[in-house]
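S.K.: My structure file my_file.pdb, PDB, C-alpha atoms and all ligand atoms, is below:
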ATOM      1  CA  MET A   1      43.255  20.772 -42.102
ATOM      2  CA  ILE A   2      43.347  24.073 -40.239
ATOM      3  CA  PRO A   3      42.417  23.595 -36.543
ATOM      4  CA  PHE A   4      39.876  26.033 -35.087
ATOM      5  CA  SER A   5      41.535  27.703 -32.108
ATOM      6  CA  PRO A   6      42.943  24.637 -30.333
ATOM      7  CA  PRO A   7      43.294  25.143 -26.567
ATOM      8  CA  PHE A   8      46.728  26.034 -25.196
ATOM      9  CA  ILE A   9      47.701  23.184 -22.862
ATOM     10  CA  ASP A  10      51.275  23.117 -21.543
ATOM     11  CA  ASP A  11      52.986  21.586 -18.479
ATOM     12  CA  ASP A  12      51.946  24.568 -16.380
ATOM     13  CA  VAL A  13      48.240  23.954 -17.172
ATOM     14  CA  LEU A  14      48.665  20.224 -16.467
ATOM     15  CA  GLN A  15      50.413  20.978 -13.174
ATOM     16  CA  GLU A  16      47.686  23.424 -12.035
ATOM     17  CA  VAL A  17      44.945  20.913 -12.872
ATOM     18  CA  ASP A  18      46.886  18.103 -11.188
ATOM     19  CA  ASP A  19      47.217  20.262  -8.049
ATOM     20  CA  VAL A  20      43.431  20.619  -7.930
ATOM     21  CA  LEU A  21      42.756  16.938  -8.622
ATOM     22  CA  THR A  22      45.074  15.828  -5.843
ATOM     23  CA  SER A  23      44.065  18.561  -3.375
ATOM     24  CA  GLY A  24      40.814  16.867  -2.387
ATOM     25  CA  TRP A  25      38.803  19.911  -3.537
ATOM     26  CA  ILE A  26      37.674  20.136  -7.182
ATOM     27  CA  THR A  27      34.649  22.447  -7.246
ATOM     28  CA  THR A  28      34.358  26.179  -6.392
ATOM     29  CA  GLY A  29      37.075  27.109  -3.902
ATOM     30  CA  PRO A  30      40.522  28.733  -3.669
ATOM     31  CA  LYS A  31      41.409  28.504  -7.389
ATOM     32  CA  VAL A  32      38.231  30.327  -8.408
ATOM     33  CA  GLN A  33      39.001  33.004  -5.835
ATOM     34  CA  GLN A  34      42.526  33.303  -7.242
ATOM     35  CA  LEU A  35      41.259  33.578 -10.838
ATOM     36  CA  GLU A  36      38.801  36.306  -9.807
ATOM     37  CA  HIS A  37      41.677  38.171  -8.167
ATOM     38  CA  GLU A  38      43.908  37.812 -11.265
ATOM     39  CA  VAL A  39      41.177  39.008 -13.667
ATOM     40  CA  LYS A  40      40.570  41.985 -11.375
ATOM     41  CA  LYS A  41      44.281  42.855 -11.505
ATOM     42  CA  PHE A  42      44.442  42.312 -15.275
ATOM     43  CA  THR A  43      41.455  44.517 -16.142
ATOM     44  CA  GLY A  44      41.453  47.020 -13.269
ATOM     45  CA  CYS A  45      37.734  46.462 -12.675
ATOM     46  CA  GLU A  46      36.310  46.611  -9.155
ATOM     47  CA  GLU A  47      34.979  43.085  -8.684
ATOM     48  CA  VAL A  48      34.941  39.805 -10.622
ATOM     49  CA  VAL A  49      32.606  36.828 -10.264
ATOM     50  CA  CYS A  50      33.559  33.623 -12.100
ATOM     51  CA  VAL A  51      30.681  31.591 -13.542
ATOM     52  CA  ASN A  52      30.228  28.470 -15.667
ATOM     53  CA  SER A  53      29.781  30.356 -18.998
ATOM     54  CA  ALA A  54      29.427  33.823 -20.488
ATOM     55  CA  THR A  55      25.791  32.988 -21.252
ATOM     56  CA  SER A  56      25.240  32.413 -17.514
ATOM     57  CA  GLY A  57      27.091  35.655 -16.731
ATOM     58  CA  LEU A  58      24.818  37.645 -19.045
ATOM     59  CA  MET A  59      21.705  36.092 -17.486
ATOM     60  CA  LEU A  60      22.948  36.759 -13.947
ATOM     61  CA  ALA A  61      23.785  40.394 -14.675
ATOM     62  CA  LEU A  62      20.383  41.023 -16.254
ATOM     63  CA  ARG A  63      18.587  39.282 -13.369
ATOM     64  CA  CYS A  64      20.669  41.120 -10.794
ATOM     65  CA  PHE A  65      19.293  44.351 -12.282
ATOM     66  CA  GLY A  66      15.728  43.066 -11.997
ATOM     67  CA  ILE A  67      15.345  42.850 -15.779
ATOM     68  CA  GLY A  68      12.725  40.345 -16.983
ATOM     69  CA  LYS A  69       9.177  40.134 -18.296
ATOM     70  CA  ASP A  70       7.890  43.235 -20.176
ATOM     71  CA  ASP A  71      11.440  44.620 -20.512
ATOM     72  CA  GLU A  72      13.448  45.158 -23.682
ATOM     73  CA  VAL A  73      17.188  44.737 -24.142
ATOM     74  CA  ILE A  74      18.896  46.113 -27.255
ATOM     75  CA  ILE A  75      21.503  43.867 -28.884
ATOM     76  CA  PRO A  76      23.348  43.879 -32.226
ATOM     77  CA  ALA A  77      21.891  41.747 -35.017
ATOM     78  CA  TYR A  78      25.398  40.412 -35.708
ATOM     79  CA  THR A  79      26.574  38.282 -32.776
ATOM     80  CA  TYR A  80      26.514  34.717 -31.489
ATOM     81  CA  ALA A  81      23.075  33.386 -30.462
ATOM     82  CA  ALA A  82      23.954  33.470 -26.726
ATOM     83  CA  THR A  83      23.617  37.277 -26.583
ATOM     84  CA  ALA A  84      19.950  37.004 -27.568
ATOM     85  CA  LEU A  85      19.311  33.745 -25.703
ATOM     86  CA  ALA A  86      20.458  35.200 -22.371
ATOM     87  CA  VAL A  87      17.846  37.968 -22.761
ATOM     88  CA  TYR A  88      15.216  35.473 -23.913
ATOM     89  CA  HIS A  89      15.822  33.064 -21.020
ATOM     90  CA  ILE A  90      15.319  35.733 -18.358
ATOM     91  CA  GLY A  91      11.942  36.540 -19.961
ATOM     92  CA  ALA A  92      12.805  39.882 -21.574
ATOM     93  CA  LYS A  93      12.621  40.763 -25.280
ATOM     94  CA  PRO A  94      15.864  40.977 -27.288
ATOM     95  CA  VAL A  95      15.554  43.916 -29.707
ATOM     96  CA  MET A  96      18.033  43.558 -32.564
ATOM     97  CA  VAL A  97      19.520  46.582 -34.282
ATOM     98  CA  ASP A  98      21.970  46.806 -37.146
ATOM     99  CA  ILE A  99      25.742  47.104 -36.965
ATOM    100  CA  LYS A 100      28.279  49.565 -38.387
ATOM    101  CA  SER A 101      30.916  48.657 -40.964
ATOM    102  CA  ASP A 102      33.233  47.578 -38.104
ATOM    103  CA  PHE A 103      30.627  44.906 -37.142
ATOM    104  CA  THR A 104      29.771  46.529 -33.775
ATOM    105  CA  ILE A 105      26.364  47.860 -32.740
ATOM    106  CA  ASP A 106      25.362  51.151 -34.400
ATOM    107  CA  PRO A 107      24.612  53.759 -31.658
ATOM    108  CA  GLU A 108      22.252  55.643 -34.025
ATOM    109  CA  LYS A 109      20.207  52.480 -34.572
ATOM    110  CA  VAL A 110      20.207  51.973 -30.802
ATOM    111  CA  ARG A 111      18.748  55.462 -30.381
ATOM    112  CA  GLU A 112      15.892  54.609 -32.776
ATOM    113  CA  ALA A 113      15.131  51.388 -30.874
ATOM    114  CA  ILE A 114      14.931  52.858 -27.352
ATOM    115  CA  THR A 115      11.456  52.754 -25.813
ATOM    116  CA  GLY A 116      10.029  53.175 -22.313
ATOM    117  CA  ARG A 117      10.667  49.448 -21.804
ATOM    118  CA  THR A 118      14.394  49.507 -22.648
ATOM    119  CA  LYS A 119      16.405  48.454 -19.603
ATOM    120  CA  ALA A 120      19.797  47.522 -21.040
ATOM    121  CA  ILE A 121      21.988  47.662 -24.128
ATOM    122  CA  ILE A 122      24.353  44.761 -24.775
ATOM    123  CA  PRO A 123      27.144  45.912 -27.108
ATOM    124  CA  VAL A 124      29.221  42.995 -28.406
ATOM    125  CA  ASP A 125      32.990  43.371 -28.877
ATOM    126  CA  ILE A 126      32.930  41.165 -31.909
ATOM    127  CA  ALA A 127      36.228  39.333 -32.588
ATOM    128  CA  GLY A 128      37.724  41.414 -29.776
ATOM    129  CA  TRP A 129      36.985  44.760 -31.481
ATOM    130  CA  PRO A 130      35.310  46.991 -28.857
ATOM    131  CA  ALA A 131      31.995  48.651 -29.594
ATOM    132  CA  ASP A 132      31.698  52.459 -29.571
ATOM    133  CA  TYR A 133      31.247  52.859 -25.806
ATOM    134  CA  ASP A 134      31.713  56.657 -25.777
ATOM    135  CA  ALA A 135      28.783  57.074 -28.175
ATOM    136  CA  LEU A 136      26.644  54.623 -26.182
ATOM    137  CA  TYR A 137      27.398  56.318 -22.846
ATOM    138  CA  SER A 138      26.644  59.761 -24.346
ATOM    139  CA  LEU A 139      23.364  58.366 -25.628
ATOM    140  CA  VAL A 140      22.098  56.845 -22.353
ATOM    141  CA  VAL A 141      22.642  60.093 -20.430
ATOM    142  CA  GLU A 142      20.902  62.328 -22.987
ATOM    143  CA  PRO A 143      18.004  64.061 -21.189
ATOM    144  CA  GLU A 144      15.341  62.735 -23.629
ATOM    145  CA  VAL A 145      16.672  59.187 -23.309
ATOM    146  CA  LYS A 146      16.812  59.414 -19.499
ATOM    147  CA  ALA A 147      13.284  60.848 -19.459
ATOM    148  CA  LYS A 148      12.039  57.736 -21.273
ATOM    149  CA  PHE A 149      13.720  55.404 -18.751
ATOM    150  CA  ASN A 150      11.175  53.704 -16.542
ATOM    151  CA  PRO A 151      12.981  51.918 -13.663
ATOM    152  CA  THR A 152      11.183  48.987 -12.021
ATOM    153  CA  SER A 153      13.818  47.629  -9.606
ATOM    154  CA  ASP A 154      16.010  49.158  -6.886
ATOM    155  CA  GLU A 155      19.136  48.680  -9.014
ATOM    156  CA  GLN A 156      17.523  50.340 -12.045
ATOM    157  CA  LYS A 157      16.396  53.259  -9.867
ATOM    158  CA  LYS A 158      19.895  53.609  -8.431
ATOM    159  CA  LEU A 159      21.468  53.701 -11.922
ATOM    160  CA  GLY A 160      18.809  56.077 -13.253
ATOM    161  CA  ARG A 161      19.553  55.216 -16.878
ATOM    162  CA  ILE A 162      19.831  52.307 -19.288
ATOM    163  CA  LEU A 163      22.447  49.736 -18.199
ATOM    164  CA  ILE A 164      25.423  49.127 -20.506
ATOM    165  CA  LEU A 165      26.234  45.434 -20.250
ATOM    166  CA  SER A 166      29.162  44.555 -22.477
ATOM    167  CA  ASP A 167      29.212  41.132 -24.121
ATOM    168  CA  GLY A 168      32.988  40.856 -24.039
ATOM    169  CA  ALA A 169      32.943  37.129 -24.815
ATOM    170  CA  HIS A 170      35.692  37.801 -27.399
ATOM    171  CA  SER A 171      37.460  40.784 -25.865
ATOM    172  CA  PHE A 172      39.560  39.588 -22.947
ATOM    173  CA  GLY A 173      42.811  41.554 -23.317
ATOM    174  CA  ALA A 174      41.373  44.125 -25.747
ATOM    175  CA  THR A 175      41.551  47.871 -25.076
ATOM    176  CA  TYR A 176      39.279  50.777 -25.978
ATOM    177  CA  LYS A 177      40.936  54.230 -25.985
ATOM    178  CA  GLY A 178      43.585  52.888 -23.608
ATOM    179  CA  LYS A 179      41.134  51.246 -21.207
ATOM    180  CA  PRO A 180      41.134  47.459 -20.864
ATOM    181  CA  SER A 181      37.959  45.563 -21.679
ATOM    182  CA  GLY A 182      36.344  44.740 -18.340
ATOM    183  CA  PHE A 183      36.947  48.308 -17.154
ATOM    184  CA  ILE A 184      34.851  50.156 -19.755
ATOM    185  CA  ALA A 185      31.178  49.240 -19.381
ATOM    186  CA  ASP A 186      28.982  49.136 -16.242
ATOM    187  CA  ILE A 187      29.292  45.358 -16.399
ATOM    188  CA  THR A 188      31.396  43.234 -18.778
ATOM    189  CA  ILE A 189      31.031  39.519 -19.372
ATOM    190  CA  PHE A 190      34.007  37.489 -20.610
ATOM    191  CA  SER A 191      33.804  33.963 -22.008
ATOM    192  CA  PHE A 192      36.436  31.353 -21.139
ATOM    193  CA  HIS A 193      34.961  28.802 -23.540
ATOM    194  CA  ALA A 194      37.438  26.352 -25.129
ATOM    195  CA  VAL A 195      38.050  28.423 -28.301
ATOM    196  CA  LYS A 196      38.547  31.766 -26.521
ATOM    197  CA  ASN A 197      41.919  33.457 -26.063
ATOM    198  CA  VAL A 198      41.933  32.462 -22.373
ATOM    199  CA  THR A 199      40.013  29.307 -21.557
ATOM    200  CA  THR A 200      38.796  27.317 -18.576
ATOM    201  CA  ALA A 201      37.241  24.671 -20.936
ATOM    202  CA  GLU A 202      33.801  26.137 -20.176
ATOM    203  CA  GLY A 203      33.405  29.270 -18.094
ATOM    204  CA  GLY A 204      33.171  33.005 -17.970
ATOM    205  CA  CYS A 205      33.185  35.897 -15.585
ATOM    206  CA  VAL A 206      31.289  39.037 -14.685
ATOM    207  CA  CYS A 207      33.363  42.231 -14.231
ATOM    208  CA  LEU A 208      31.665  44.913 -12.156
ATOM    209  CA  ASN A 209      32.256  48.637 -12.593
ATOM    210  CA  LEU A 210      29.016  50.247 -11.543
ATOM    211  CA  PRO A 211      29.331  53.979 -10.822
ATOM    212  CA  SER A 212      28.644  55.612  -7.457
ATOM    213  CA  PRO A 213      26.403  55.227  -5.441
ATOM    214  CA  PHE A 214      26.699  51.498  -6.219
ATOM    215  CA  ASP A 215      28.794  49.359  -3.923
ATOM    216  CA  ASN A 216      30.391  46.859  -6.322
ATOM    217  CA  ASN A 217      31.345  44.620  -3.417
ATOM    218  CA  GLU A 218      27.675  44.359  -2.430
ATOM    219  CA  LEU A 219      26.827  43.427  -6.023
ATOM    220  CA  PHE A 220      29.673  40.889  -6.010
ATOM    221  CA  LYS A 221      28.125  39.222  -2.941
ATOM    222  CA  LYS A 222      24.680  39.250  -4.552
ATOM    223  CA  LEU A 223      26.001  37.668  -7.768
ATOM    224  CA  LYS A 224      27.857  35.013  -5.768
ATOM    225  CA  LEU A 225      24.582  34.121  -4.036
ATOM    226  CA  MET A 226      22.660  34.171  -7.314
ATOM    227  CA  SER A 227      25.224  31.897  -8.988
ATOM    228  CA  LEU A 228      24.966  29.282  -6.226
ATOM    229  CA  ASN A 229      21.268  28.639  -5.620
ATOM    230  CA  GLY A 230      20.991  31.634  -3.269
ATOM    231  CA  GLN A 231      22.998  29.659  -0.714
ATOM    232  CA  THR A 232      24.795  31.703   1.953
ATOM    233  CA  LYS A 233      27.786  29.332   2.092
ATOM    234  CA  ASP A 234      29.462  27.540  -0.775
ATOM    235  CA  ALA A 235      30.426  23.874  -0.397
ATOM    236  CA  TYR A 236      34.067  24.820   0.322
ATOM    237  CA  THR A 237      33.137  27.059   3.268
ATOM    238  CA  LYS A 238      30.667  24.429   4.486
ATOM    239  CA  SER A 239      33.464  21.837   4.440
ATOM    240  CA  LYS A 240      35.441  23.846   7.006
ATOM    241  CA  ALA A 241      35.068  23.018  10.678
ATOM    242  CA  GLY A 242      31.905  24.518  12.160
ATOM    243  CA  GLY A 243      30.781  25.788   8.779
ATOM    244  CA  TRP A 244      27.945  23.397   7.945
ATOM    245  CA  ARG A 245      24.995  25.716   8.585
ATOM    246  CA  TYR A 246      23.653  27.775   5.661
ATOM    247  CA  ASP A 247      20.464  29.443   4.439
ATOM    248  CA  ILE A 248      18.878  29.763   1.004
ATOM    249  CA  VAL A 249      18.052  33.456   0.879
ATOM    250  CA  LEU A 250      16.927  33.888  -2.746
ATOM    251  CA  PRO A 251      15.926  31.673  -5.698
ATOM    252  CA  GLY A 252      19.358  31.548  -7.326
ATOM    253  CA  TYR A 253      20.779  29.605 -10.260
ATOM    254  CA  LYS A 254      23.496  26.933 -10.331
ATOM    255  CA  MET A 255      26.128  28.720 -12.380
ATOM    256  CA  ASN A 256      29.310  28.558 -10.286
ATOM    257  CA  MET A 257      32.724  27.742 -11.772
ATOM    258  CA  PRO A 258      34.590  24.680 -10.409
ATOM    259  CA  ASP A 259      38.235  24.966  -9.238
ATOM    260  CA  ILE A 260      39.323  22.402 -11.810
ATOM    261  CA  CYS A 261      38.295  24.859 -14.576
ATOM    262  CA  ALA A 262      39.725  27.904 -12.800
ATOM    263  CA  ALA A 263      43.083  26.095 -12.615
ATOM    264  CA  ILE A 264      43.317  25.948 -16.442
ATOM    265  CA  GLY A 265      42.517  29.661 -16.636
ATOM    266  CA  LEU A 266      45.102  30.606 -14.006
ATOM    267  CA  ALA A 267      47.906  28.834 -15.855
ATOM    268  CA  GLN A 268      46.808  30.394 -19.162
ATOM    269  CA  LEU A 269      46.576  33.891 -17.718
ATOM    270  CA  ARG A 270      50.200  33.723 -16.558
ATOM    271  CA  LYS A 271      51.262  33.214 -20.200
ATOM    272  CA  TYR A 272      48.717  35.562 -21.739
ATOM    273  CA  LYS A 273      50.864  38.622 -22.488
ATOM    274  CA  LYS A 274      54.127  36.805 -23.159
ATOM    275  CA  TYR A 275      52.819  34.021 -25.317
ATOM    276  CA  LEU A 276      49.076  33.600 -25.944
ATOM    277  CA  ILE A 277      48.375  37.047 -27.406
ATOM    278  CA  LYS A 278      51.569  36.892 -29.498
ATOM    279  CA  GLU A 279      50.483  33.564 -30.956
ATOM    280  CA  ARG A 280      47.042  35.038 -31.828
ATOM    281  CA  GLN A 281      48.793  37.949 -33.547
ATOM    282  CA  ARG A 282      51.020  35.572 -35.503
ATOM    283  CA  VAL A 283      47.988  33.633 -36.756
ATOM    284  CA  ALA A 284      46.074  36.831 -37.619
ATOM    285  CA  LEU A 285      49.019  38.244 -39.559
ATOM    286  CA  THR A 286      49.383  34.958 -41.448
ATOM    287  CA  TYR A 287      45.737  35.230 -42.561
ATOM    288  CA  ASP A 288      46.248  38.902 -43.469
ATOM    289  CA  ASN A 289      49.235  37.998 -45.644
ATOM    290  CA  VAL A 290      47.577  35.013 -47.316
ATOM    291  CA  PHE A 291      44.415  36.966 -48.190
ATOM    292  CA  LYS A 292      46.195  40.175 -49.218
ATOM    293  CA  PRO A 293      44.474  41.489 -52.393
TER     294      PRO A 293
HETATM  295  C1  LIG B   1      29.511  37.038 -28.785
HETATM  296  C2  LIG B   1      29.322  35.888 -27.839
HETATM  297  N1  LIG B   1      28.573  36.065 -26.738
HETATM  298  C3  LIG B   1      28.386  35.074 -25.837
HETATM  299  C4  LIG B   1      28.954  33.829 -26.030
HETATM  300  C5  LIG B   1      28.664  32.755 -25.034
HETATM  301  O1  LIG B   1      29.818  32.278 -24.419
HETATM  302  P1  LIG B   1      29.746  30.948 -23.544
HETATM  303  O2  LIG B   1      29.914  29.809 -24.479
HETATM  304  O3  LIG B   1      30.903  31.074 -22.589
HETATM  305  O4  LIG B   1      28.435  30.939 -22.843
HETATM  306  C6  LIG B   1      29.728  33.588 -27.156
HETATM  307  C7  LIG B   1      30.355  32.264 -27.373
HETATM  308  O5  LIG B   1      31.058  32.003 -28.279
HETATM  309  C8  LIG B   1      29.926  34.630 -28.097
HETATM  310  O6  LIG B   1      30.632  34.441 -29.204
END
Translate this file's structure into structure tokens.
M.R.:
Amino acid sequence: MIPFSPPFIDDDVLQEVDDVLTSGWITTGPKVQQLEHEVKKFTGCEEVVCVNSATSGLMLALRCFGIGKDDEVIIPAYTYAATALAVYHIGAKPVMVDIKSDFTIDPEKVREAITGRTKAIIPVDIAGWPADYDALYSLVVEPEVKAKFNPTSDEQKKLGRILILSDGAHSFGATYKGKPSGFIADITIFSFHAVKNVTTAEGGCVCLNLPSPFDNNELFKKLKLMSLNGQTKDAYTKSKAGGWRYDIVLPGYKMNMPDICAAIGLAQLRKYKKYLIKERQRVALTYDNVFKP
């Protein structure tokens, strides 16, 4: 029997989780904050928001940009269902286009699918192989493509073009022309699901890199609110002396990551370059050798 991507659990992971369990605080708190900081350092992106899955991250990013009913989002036909479901669940229409021979979205097919309702493109870095971001960025700033763009929210107006939202569920640690995944697209979503190369059991994160005049820290705060019922204080802050009062300022979702999950991710991240990626390479090379023609 060949196991399918068993999770990497060593003493360091057990110790981190034990620290959380015995700390008296197990949901969103200091470990999540630490993981966000580490992912920011690792990718070089401006802000990171941890969530309970990549699917949630995709939905939050689309919602944050005011994308919903009557809008279209272009996705590759070859991906996992979550790419399409995230678009579907926020009320927009997923428009599937074909892929190139490298299994990533074909920018020429994207061009043919763009209409006045297109608000975002979600390239998928399938199996960690980044999509052709240069071609996609050239496309969305072409004068004819920009002329078709019909913004209906403040964020869309500020961007002035179609949003590039990378589904990087598989591409934590990957690079595209020397740039780390998470630092390439306007927004990148990573998955930390149990079979991914860094896991938190279930989880994901949103990496923000919106160009000027966006304030990525403002967007970070908005996403934090949106991921926690629109509540101005999380439970951890409320638990501090004098911190009980909060407001619900928008109809948010409940998509926050608990500290107990972040702890697994923190311990894994420390071993990522030295061990985890090397082990993935060893397994990949074994397959390459076994299936050599
Ligand atoms: C391409 C792709 N996108 C999104 C997801 C969703 O990830 P999650 O399970 O963290 O929601 C997956 C999960 O495997 C995936 O493969």
S.K.: Taking all atoms listed in the file into account, which residues have an atom no farther than 6 Å from ligand LIG 1 (chain B)? I'd like them as a PyMOL selection string.
M.R.: chain A and resi 53-55+79-80+82-83+124+167+169+191-193+203-204
S.K.: Smallest atom-to-atom distance to Lys179 in chain A: which of A:Ala84, A:Pro130, A:Val95, A:Ile67, using only C-alpha atoms?
M.R.: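 Counting only C-alpha atoms, the residue closest to Lys179 in chain A is A:Pro130.
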S.K.: With a cut-off of 9 Å, could you pull out the residues of range 194-244 of chain A touching range 38-49 of chain A and give me the nearest pair of atoms for each, distance in Å to one decimal, using all atoms listed in the file, ordered by chain and ascending number, as a Markdown table?
M.R.:
| residue | atom | partner | partner_atom | distance |
| --- | --- | --- | --- | --- |
| A:Gly204 | CA | A:Val49 | CA | 8.6 |
| A:Cys205 | CA | A:Val49 | CA | 5.4 |
| A:Val206 | CA | A:Val49 | CA | 5.1 |
| A:Cys207 | CA | A:Val48 | CA | 4.6 |
| A:Leu208 | CA | A:Glu47 | CA | 5.1 |
| A:Asn209 | CA | A:Glu46 | CA | 5.7 |
| A:Leu210 | CA | A:Glu46 | CA | 8.5 |
| A:Asn216 | CA | A:Glu47 | CA | 6.4 |
| A:Asn217 | CA | A:Glu47 | CA | 6.6 |
| A:Leu219 | CA | A:Glu47 | CA | 8.6 |
| A:Phe220 | CA | A:Glu47 | CA | 6.3 |
| A:Lys221 | CA | A:Val49 | CA | 8.9 |
| A:Leu223 | CA | A:Val49 | CA | 7.1 |
| A:Lys224 | CA | A:Val49 | CA | 6.8 |
| A:Ser227 | CA | A:Val49 | CA | 9.0 |
S.K.: Would you mind exporting the chosen residues as an mmCIF file, in the frame of the given file, restricted to C-alpha atoms?
M.R.:
data_model
loop_
_atom_site.group_PDB
_atom_site.id
_atom_site.type_symbol
_atom_site.label_atom_id
_atom_site.label_comp_id
_atom_site.auth_asym_id
_atom_site.auth_seq_id
_atom_site.Cartn_x
_atom_site.Cartn_y
_atom_site.Cartn_z
ATOM 1 C CA GLY A 204 33.171 33.005 -17.970
ATOM 2 C CA CYS A 205 33.185 35.897 -15.585
ATOM 3 C CA VAL A 206 31.289 39.037 -14.685
ATOM 4 C CA CYS A 207 33.363 42.231 -14.231
ATOM 5 C CA LEU A 208 31.665 44.913 -12.156
ATOM 6 C CA ASN A 209 32.256 48.637 -12.593
ATOM 7 C CA LEU A 210 29.016 50.247 -11.543
ATOM 8 C CA ASN A 216 30.391 46.859 -6.322
ATOM 9 C CA ASN A 217 31.345 44.620 -3.417
ATOM 10 C CA LEU A 219 26.827 43.427 -6.023
ATOM 11 C CA PHE A 220 29.673 40.889 -6.010
ATOM 12 C CA LYS A 221 28.125 39.222 -2.941
ATOM 13 C CA LEU A 223 26.001 37.668 -7.768
ATOM 14 C CA LYS A 224 27.857 35.013 -5.768
ATOM 15 C CA SER A 227 25.224 31.897 -8.988
#
S.K.: Have a look at CA of Ala201 in chain A and CA of Tyr236 in chain A and let me know their distance in Å, one decimal.
M.R.: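 Spanning CA of Ala201 in chain A to CA of Tyr236 in chain A is a straight-line distance of 21.5 Å.
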S.K.: When you draw a straight line from CA of Lys254 in chain A to CA of Gly91 in chain A, how long is it in Å?
M.R.: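 So the answer is 17.8 Å.
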S.K.: Could you tell me which residues the PyMOL selection byres (((chain A and resi 120) around 9) and not hetatm) grabs in this file, written as a list in words?
M.R.: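 Going through the file, the PyMOL selection byres (((chain A and resi 120) around 9) and not hetatm) ends up selecting Leu62, Ile67, Asp71, Glu72, Val73, Ile74, Ile75, Thr118, Lys119, Ile121, Ile122, Arg161, Ile162, Leu163, Ile164 and Leu165 of chain A.
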S.K.: Specify as a PDB file with C-alpha atoms, keeping the file's coordinate frame each residue included when the PyMOL selection byres (((chain A and resi 99) around 10) and not hetatm) is applied to this file.
M.R.:
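Output below, filename out24.pdb:
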ATOM      1  CA  ILE A  75      21.503  43.867 -28.884  1.00  0.00           C
ATOM      2  CA  PRO A  76      23.348  43.879 -32.226  1.00  0.00           C
ATOM      3  CA  ALA A  77      21.891  41.747 -35.017  1.00  0.00           C
ATOM      4  CA  TYR A  78      25.398  40.412 -35.708  1.00  0.00           C
ATOM      5  CA  THR A  79      26.574  38.282 -32.776  1.00  0.00           C
ATOM      6  CA  MET A  96      18.033  43.558 -32.564  1.00  0.00           C
ATOM      7  CA  VAL A  97      19.520  46.582 -34.282  1.00  0.00           C
ATOM      8  CA  ASP A  98      21.970  46.806 -37.146  1.00  0.00           C
ATOM      9  CA  LYS A 100      28.279  49.565 -38.387  1.00  0.00           C
ATOM     10  CA  SER A 101      30.916  48.657 -40.964  1.00  0.00           C
ATOM     11  CA  ASP A 102      33.233  47.578 -38.104  1.00  0.00           C
ATOM     12  CA  PHE A 103      30.627  44.906 -37.142  1.00  0.00           C
ATOM     13  CA  THR A 104      29.771  46.529 -33.775  1.00  0.00           C
ATOM     14  CA  ILE A 105      26.364  47.860 -32.740  1.00  0.00           C
ATOM     15  CA  ASP A 106      25.362  51.151 -34.400  1.00  0.00           C
ATOM     16  CA  PRO A 107      24.612  53.759 -31.658  1.00  0.00           C
ATOM     17  CA  GLU A 108      22.252  55.643 -34.025  1.00  0.00           C
ATOM     18  CA  LYS A 109      20.207  52.480 -34.572  1.00  0.00           C
ATOM     19  CA  VAL A 110      20.207  51.973 -30.802  1.00  0.00           C
ATOM     20  CA  ALA A 131      31.995  48.651 -29.594  1.00  0.00           C
TER      21      ALA A 131
END
S.K.: Restricting the calculation to only C-alpha atoms, which member of A:Ser181, A:Ser212, A:Gln231, A:Asn197 is positioned closest to Leu159 in chain A?
M.R.: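 Checking each candidate against Leu159 in chain A, we get A:Ser212 as the closest.
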S.K.: Could you list, as a list of chain:residue names, every residue matched by the PyMOL selection byres (((chain A and resi 269) around 9) and not hetatm) in this structure?
M.R.: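 Residues picked by the PyMOL selection byres (((chain A and resi 269) around 9) and not hetatm): A:Leu35, A:Glu38, A:Val39, A:Val198, A:Thr199, A:Ile264, A:Gly265, A:Leu266, A:Ala267, A:Gln268, A:Arg270, A:Lys271, A:Tyr272, A:Lys273, A:Leu276.
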